[in-house]
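Trainee: Here it is: the structure, laid out below.
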Amino acid sequence: MQIASLVSGGVDSSVTIPLLKEKGYNPVIFYIKIGMEDEPGYVDCPAEEDIEITTYIAKKYGCRFEIVDLQKEYWQNVVSYTIESVKKGLTPNPDVMCNRLIKFGSFEDRFGNEFDKISTGHYARVIENEKGFYLGTAADPVKDQTYFLGRITYNQLKKLVFPLGDLLKPEVRKIATEMRLPSAHRPDSQGICFLGKINYNDFIRRYAGEKEGKIIEMKTGKILGKHNGFWFHTIGQRRGLGLSGGPWFVVKKDIHENIVYVSNGYDPINQCSSIIKLADFQLLHPDFELKQGDRVRFKIRHQPHFNHGSIEVHENSILINSDTVIPGVAPGQFGVLYHPEEVFCLGSGVID
């Protein structure tokens, strides 16, 4: 079986190589360039260090190594989606779209005919039985990354291999140390994959600009301060508002008037919701069927724990009736549904 292994230079994807070699596979290692080195100001992109580490791992384990430049595809599909979303007042998730459109999309389009499987360092599992393939949660609930994979297609899922799915993060670090991998003690990457060390607000400012607007207290209508554009703020945000006497939370945005509404302290009426509408819902298995009143577990962001609720099935949407109020429900985020008892993911939709 021919396996393409996507390695970024981080400890997780690095460890997948010795694990695959132990099972008798000889993976071809690919480093995908999606950073925007050609854009002005992106001098801190860590691609050079990543490639150096990945080259070392390829030599250590005798694997063929190729660098694939998908910067153009990333810009057209993921960066543009991010910019357009924030301009509309939505909360995008570039990492979710990167998995679907780039790592398992553009890469598959270019190399799919050469390989039977694609391996990555995601914390997730592919469960296979007589009925097909299922996206299963990882053994490590803190590191589980099925939220970021909930938007992939069934055809993509069928080709995936996740060697870390049954491991805990400390075990992965231990393997890397024992194998003397240069990434063994490298910190986990933080933030959006294409930004490198670039600040998210700096990125948004570059492509969306600034426009001064008012920060208004939702309850009283009092003007508390100013902001540089609603697109810098997301529902549930607590930091970066520059207001005293907090904590203050963003609870609403008026994109037409460029107003950011905030609430002081915990305000369940304005900050939380128990009803979440998901549009453009996509199931992860052709045999899955959602029925009226089904119990589900769900996540609206990457987190270790699940929320619980029941669903209403409508013609163009799924309505989640959560058992508890959920803070920070923001349009544009992805909502991922999971089976109420089993470990697999059902599918995902966009919060409307």
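Ordered as shown in the structure tokens, chains take letters A, B, and onward, while each chain numbers its residues from 1 and ligands are numbered from 1 in the order shown.
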Distance table requested - stretch 69-181 of chain A against stretch 313-331 of chain A, cut-off 10 Å, only C-alpha atoms: one row per qualifying residue with the closest atom pair and its distance in Å to one decimal, ordered by chain and rising residue number, as a tab-separated table.
Mentor:
```
residue	atom	partner	partner_atom	distance
A:Ser85	CA	A:Pro331	CA	9.8
A:Lys88	CA	A:Pro331	CA	9.9
A:Gly89	CA	A:Pro331	CA	8.1
A:Leu90	CA	A:Pro331	CA	5.4
A:Thr91	CA	A:Pro331	CA	6.2
A:Pro92	CA	A:Pro331	CA	8.6
```
Trainee: Tell me which protein, DNA and RNA residues are within 8 Å of A:Ile204, counting only C-alpha atoms, leaving out same-chain ones fewer than 6 positions away, and put them as a list of chain:residue names.
Mentor: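 The residues that qualify are A:Ile83, A:Trp231, A:Phe232.
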Trainee: Write out, as JSON lines, each residue of stretch 18-132 of chain A that has an atom at most 12 Å from stretch 174-178 of chain A, together with the closest pair of atoms and their distance in Å to one decimal, counting only C-alpha atoms, rows going by chain and rising number.
Mentor:
```
{"residue": "A:Pro18", "atom": "CA", "partner": "A:Ile175", "partner_atom": "CA", "distance": 8.9}
{"residue": "A:Leu19", "atom": "CA", "partner": "A:Ile175", "partner_atom": "CA", "distance": 9.2}
{"residue": "A:Ile57", "atom": "CA", "partner": "A:Ala176", "partner_atom": "CA", "distance": 11.0}
```
Trainee: Would you tabulate, counting only C-alpha atoms, all residues of stretch 78-159 of chain A that have an atom at most 10 Å from an atom of stretch 62-70 of chain A, showing the closest pair of atoms and their distance in Å to one decimal, sorted by chain then ascending number, as JSON lines?
Mentor:
```
{"residue": "A:Ile102", "atom": "CA", "partner": "A:Leu70", "partner_atom": "CA", "distance": 7.6}
{"residue": "A:Lys103", "atom": "CA", "partner": "A:Leu70", "partner_atom": "CA", "distance": 9.3}
{"residue": "A:Ser106", "atom": "CA", "partner": "A:Leu70", "partner_atom": "CA", "distance": 7.6}
{"residue": "A:Phe107", "atom": "CA", "partner": "A:Leu70", "partner_atom": "CA", "distance": 7.9}
{"residue": "A:Arg110", "atom": "CA", "partner": "A:Val68", "partner_atom": "CA", "distance": 9.6}
```
Trainee: Produce a file of the selected residues containing N, CA and C atoms, as a compact mmCIF listing (two decimals), in the first residue's frame.
Mentor:
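Output saved as again36.txt:
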```txt
# COMPACT_ATOMS: atom_id res chain seq x y z
N ILE A 102 -7.55 21.94 1.16
CA ILE A 102 -6.13 21.93 0.82
C ILE A 102 -5.48 20.58 1.13
N LYS A 103 -5.38 20.21 2.40
CA LYS A 103 -4.67 18.98 2.77
C LYS A 103 -5.30 17.74 2.15
N SER A 106 -6.85 19.93 -2.50
CA SER A 106 -5.88 20.25 -3.55
C SER A 106 -4.76 19.22 -3.61
N PHE A 107 -4.31 18.76 -2.44
CA PHE A 107 -3.25 17.74 -2.42
C PHE A 107 -3.74 16.45 -3.08
N ARG A 110 -3.86 16.64 -6.80
CA ARG A 110 -2.56 16.60 -7.47
C ARG A 110 -1.88 15.23 -7.37
```
Trainee: Mind checking which residues fall within 9 Å of A:Ala124, counting only C-alpha atoms, ignoring those fewer than 3 positions away in the same chain, and posting them as a list in words?
Mentor: Gly121, Leu135, Gly136, Thr137, Ala138, Ala139, Asp140, Lys143, Asp144, Gln145, Thr146, Leu149, Phe162, Pro163, Leu164, Gly165 and Asp166 of chain A
Trainee: How about saving the chosen residues, N, CA and C atoms kept, as a PDB file, in the first residue's frame?
Mentor:
```pdb
ATOM      1  N   GLY A 121      -0.844  13.935  11.112  1.00  0.00           N
ATOM      2  CA  GLY A 121      -0.640  13.887  12.561  1.00  0.00           C
ATOM      3  C   GLY A 121      -1.839  14.352  13.359  1.00  0.00           C
ATOM      4  N   LEU A 135     -15.479   8.664  11.042  1.00  0.00           N
ATOM      5  CA  LEU A 135     -14.523   9.538  11.715  1.00  0.00           C
ATOM      6  C   LEU A 135     -14.725   9.410  13.213  1.00  0.00           C
ATOM      7  N   GLY A 136     -13.753   8.810  13.891  1.00  0.00           N
ATOM      8  CA  GLY A 136     -13.859   8.580  15.327  1.00  0.00           C
ATOM      9  C   GLY A 136     -13.012   9.541  16.130  1.00  0.00           C
ATOM     10  N   THR A 137     -13.444   9.805  17.347  1.00  0.00           N
ATOM     11  CA  THR A 137     -12.688  10.705  18.224  1.00  0.00           C
ATOM     12  C   THR A 137     -11.420  10.023  18.714  1.00  0.00           C
ATOM     13  N   ALA A 138     -10.440  10.826  19.098  1.00  0.00           N
ATOM     14  CA  ALA A 138      -9.134  10.324  19.522  1.00  0.00           C
ATOM     15  C   ALA A 138      -9.181   9.846  20.969  1.00  0.00           C
ATOM     16  N   ALA A 139      -8.171   9.059  21.340  1.00  0.00           N
ATOM     17  CA  ALA A 139      -8.060   8.579  22.716  1.00  0.00           C
ATOM     18  C   ALA A 139      -7.796   9.732  23.679  1.00  0.00           C
ATOM     19  N   ASP A 140      -7.121  10.765  23.202  1.00  0.00           N
ATOM     20  CA  ASP A 140      -6.812  11.934  24.023  1.00  0.00           C
ATOM     21  C   ASP A 140      -7.911  12.985  23.816  1.00  0.00           C
ATOM     22  N   LYS A 143      -6.663  16.667  23.101  1.00  0.00           N
ATOM     23  CA  LYS A 143      -6.051  16.910  21.800  1.00  0.00           C
ATOM     24  C   LYS A 143      -6.958  16.539  20.628  1.00  0.00           C
ATOM     25  N   ASP A 144      -8.055  15.850  20.886  1.00  0.00           N
ATOM     26  CA  ASP A 144      -8.945  15.399  19.808  1.00  0.00           C
ATOM     27  C   ASP A 144      -9.217  16.522  18.805  1.00  0.00           C
ATOM     28  N   GLN A 145      -9.015  16.212  17.514  1.00  0.00           N
ATOM     29  CA  GLN A 145      -9.140  17.241  16.477  1.00  0.00           C
ATOM     30  C   GLN A 145     -10.267  16.942  15.491  1.00  0.00           C
ATOM     31  N   THR A 146     -11.223  16.136  15.899  1.00  0.00           N
ATOM     32  CA  THR A 146     -12.323  15.821  14.986  1.00  0.00           C
ATOM     33  C   THR A 146     -13.171  17.052  14.679  1.00  0.00           C
ATOM     34  N   LEU A 149     -11.952  18.347  11.605  1.00  0.00           N
ATOM     35  CA  LEU A 149     -12.102  17.402  10.489  1.00  0.00           C
ATOM     36  C   LEU A 149     -13.560  17.153  10.128  1.00  0.00           C
ATOM     37  N   PHE A 162      -4.737   8.028  10.514  1.00  0.00           N
ATOM     38  CA  PHE A 162      -4.346   8.871  11.650  1.00  0.00           C
ATOM     39  C   PHE A 162      -3.576   8.022  12.665  1.00  0.00           C
ATOM     40  N   PRO A 163      -2.262   7.902  12.528  1.00  0.00           N
ATOM     41  CA  PRO A 163      -1.479   7.030  13.409  1.00  0.00           C
ATOM     42  C   PRO A 163      -1.505   7.413  14.886  1.00  0.00           C
ATOM     43  N   LEU A 164      -1.865   8.668  15.203  1.00  0.00           N
ATOM     44  CA  LEU A 164      -1.832   9.115  16.602  1.00  0.00           C
ATOM     45  C   LEU A 164      -3.165   8.930  17.323  1.00  0.00           C
ATOM     46  N   GLY A 165      -4.161   8.400  16.639  1.00  0.00           N
ATOM     47  CA  GLY A 165      -5.511   8.350  17.195  1.00  0.00           C
ATOM     48  C   GLY A 165      -5.645   7.623  18.516  1.00  0.00           C
ATOM     49  N   ASP A 166      -4.800   6.626  18.754  1.00  0.00           N
ATOM     50  CA  ASP A 166      -4.896   5.827  19.983  1.00  0.00           C
ATOM     51  C   ASP A 166      -3.885   6.258  21.043  1.00  0.00           C
TER      52      ASP A 166
END
```
Trainee: When DSSP works through the backbone of this structure, what residues of stretch 77-305 of chain A end up as alpha helix (DSSP H), shown as an MDAnalysis selection string?
Mentor: chainID A and resid 80:87 94:98 107:111 146:149 154:157 169:178 200:208 268:271
Trainee: Each residue of stretch 154-231 of chain A with at least one atom at most 10 Å from stretch 277-287 of chain A should appear once, together with its nearest atom pair and the corresponding distance in Å (one decimal); atoms considered: only C-alpha atoms; ordering: chain, then increasing residue number; output as a tab-separated table.
Mentor:
```
residue	atom	partner	partner_atom	distance
A:Tyr154	CA	A:Leu284	CA	5.5
A:Asn155	CA	A:His285	CA	9.2
A:Gln156	CA	A:Leu284	CA	9.9
A:Leu157	CA	A:Leu284	CA	8.3
```
Trainee: Can you list every residue in stretch 7-149 of chain A that DSSP puts in strand (DSSP E or B), as a count of residues only?
Mentor: 24
Trainee: Would you please work out which residue, of A:Arg125, A:His256, A:His185, A:Arg173, is nearest to A:Val343 when using only C-alpha atoms?
Mentor: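 Using only C-alpha atoms, the shortest distance to A:Val343 belongs to A:Arg125.
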Trainee: Considering only C-alpha atoms, return as a ChimeraX atom specification whatever protein or nucleic-acid residues lie within 12 Å of A:Pro27, sequence-local ones (same chain, fewer than 5 positions apart) excluded.
Mentor: /A:1-7,16-22,57-58,61-66,114-120,161
Trainee: Give me a file of those residues, with N, CA and C atoms, as a CSV table (one decimal), in the first residue's frame.
Mentor:
```csv
chain,number,residue,atom,x,y,z
A,1,MET,N,0.8,-1.2,0.0
A,1,MET,CA,0.0,0.0,0.0
A,1,MET,C,0.9,1.2,0.0
A,2,GLN,N,0.6,2.2,-0.9
A,2,GLN,CA,1.3,3.4,-1.0
A,2,GLN,C,0.7,4.5,-0.1
A,3,ILE,N,1.5,5.0,0.8
A,3,ILE,CA,1.0,6.1,1.7
A,3,ILE,C,1.8,7.4,1.5
A,4,ALA,N,1.0,8.4,1.4
A,4,ALA,CA,1.6,9.8,1.4
A,4,ALA,C,1.4,10.3,2.8
A,5,SER,N,2.5,10.8,3.4
A,5,SER,CA,2.5,11.2,4.8
A,5,SER,C,2.7,12.8,4.8
A,6,LEU,N,1.7,13.5,5.3
A,6,LEU,CA,1.8,15.0,5.4
A,6,LEU,C,2.5,15.3,6.7
A,7,VAL,N,3.7,15.9,6.6
A,7,VAL,CA,4.5,16.2,7.8
A,7,VAL,C,4.8,17.7,7.8
A,16,THR,N,4.4,10.3,13.3
A,16,THR,CA,3.7,9.4,12.4
A,16,THR,C,4.6,8.6,11.6
A,17,ILE,N,5.8,9.1,11.3
A,17,ILE,CA,6.7,8.4,10.4
A,17,ILE,C,7.3,7.1,11.0
A,18,PRO,N,7.9,7.2,12.2
A,18,PRO,CA,8.3,5.9,12.8
A,18,PRO,C,7.2,4.9,13.1
A,19,LEU,N,6.0,5.5,13.4
A,19,LEU,CA,4.9,4.6,13.7
A,19,LEU,C,4.5,3.8,12.4
A,20,LEU,N,4.5,4.5,11.3
A,20,LEU,CA,4.2,3.9,10.0
A,20,LEU,C,5.3,2.9,9.6
A,21,LYS,N,6.5,3.2,9.8
A,21,LYS,CA,7.6,2.3,9.5
A,21,LYS,C,7.5,1.1,10.3
A,22,GLU,N,7.1,1.2,11.6
A,22,GLU,CA,7.0,0.0,12.5
A,22,GLU,C,6.0,-1.0,11.9
A,57,ILE,N,14.0,14.1,9.1
A,57,ILE,CA,13.2,12.9,9.4
A,57,ILE,C,13.1,12.0,8.2
A,58,ALA,N,13.0,12.6,7.0
A,58,ALA,CA,13.0,11.8,5.8
A,58,ALA,C,14.3,11.0,5.6
A,61,TYR,N,14.7,8.1,8.3
A,61,TYR,CA,13.9,6.9,8.0
A,61,TYR,C,13.9,6.4,6.6
A,62,GLY,N,14.7,7.0,5.8
A,62,GLY,CA,14.9,6.5,4.4
A,62,GLY,C,13.7,6.7,3.5
A,63,CYS,N,13.0,7.9,3.7
A,63,CYS,CA,11.8,8.1,3.0
A,63,CYS,C,12.0,9.2,1.9
A,64,ARG,N,11.3,9.0,0.8
A,64,ARG,CA,11.3,10.0,-0.2
A,64,ARG,C,10.6,11.3,0.3
A,65,PHE,N,11.1,12.4,0.0
A,65,PHE,CA,10.6,13.7,0.5
A,65,PHE,C,10.4,14.7,-0.6
A,66,GLU,N,9.2,15.3,-0.6
A,66,GLU,CA,8.8,16.3,-1.6
A,66,GLU,C,8.2,17.5,-0.9
A,114,GLU,N,-1.6,8.5,-7.1
A,114,GLU,CA,-0.4,7.8,-6.8
A,114,GLU,C,-0.4,7.1,-5.5
A,115,PHE,N,-1.4,7.4,-4.6
A,115,PHE,CA,-1.4,6.9,-3.3
A,115,PHE,C,-2.7,6.3,-2.9
A,116,ASP,N,-2.6,5.2,-2.1
A,116,ASP,CA,-3.8,4.5,-1.6
A,116,ASP,C,-4.4,5.3,-0.4
A,117,LYS,N,-3.4,5.8,0.5
A,117,LYS,CA,-3.8,6.4,1.7
A,117,LYS,C,-3.0,7.7,1.9
A,118,ILE,N,-3.6,8.6,2.7
A,118,ILE,CA,-2.9,9.8,3.2
A,118,ILE,C,-2.9,9.9,4.7
A,119,SER,N,-1.7,10.0,5.2
A,119,SER,CA,-1.5,10.0,6.7
A,119,SER,C,-1.2,11.4,7.2
A,120,THR,N,-1.7,11.8,8.3
A,120,THR,CA,-1.4,13.1,9.0
A,120,THR,C,-1.3,12.9,10.5
A,161,VAL,N,-5.4,8.1,7.1
A,161,VAL,CA,-4.8,7.3,8.2
A,161,VAL,C,-4.4,8.3,9.3
```
Trainee: Show me, as a list in words, the residues that have an atom within 8 Å of A:Gly293 when counting only C-alpha atoms, minus same-chain residues fewer than 5 positions from it.
Mentor: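 Skipping anything fewer than 5 positions along the chain leaves Ser310, Ile311 and Glu312 of chain A.
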Trainee: Using N, CA and C atoms, can you write the selected residues to a file as a PDB file, in the first residue's frame?
Mentor:
```pdb
ATOM      1  N   SER A 310     -30.790  17.819  21.684  1.00  0.00           N
ATOM      2  CA  SER A 310     -31.592  17.103  20.689  1.00  0.00           C
ATOM      3  C   SER A 310     -31.728  17.995  19.462  1.00  0.00           C
ATOM      4  N   ILE A 311     -32.145  17.397  18.349  1.00  0.00           N
ATOM      5  CA  ILE A 311     -32.177  18.164  17.112  1.00  0.00           C
ATOM      6  C   ILE A 311     -33.582  18.211  16.507  1.00  0.00           C
ATOM      7  N   GLU A 312     -33.824  19.278  15.783  1.00  0.00           N
ATOM      8  CA  GLU A 312     -34.990  19.399  14.917  1.00  0.00           C
ATOM      9  C   GLU A 312     -34.487  19.425  13.481  1.00  0.00           C
TER      10      GLU A 312
END
```
Trainee: For A:Leu224, work out the shell of residues within 8 Å, counting only C-alpha atoms and skipping chain neighbours fewer than 2 positions away, then give it as a PyMOL selection string.
Mentor: chain A and resi 214-217+222+226+243
Trainee: For A:Glu52, which of A:Pro187, A:Gly9, A:Tyr81, A:Asp352 is the closest residue, counting only C-alpha atoms?
Mentor: A:Gly9
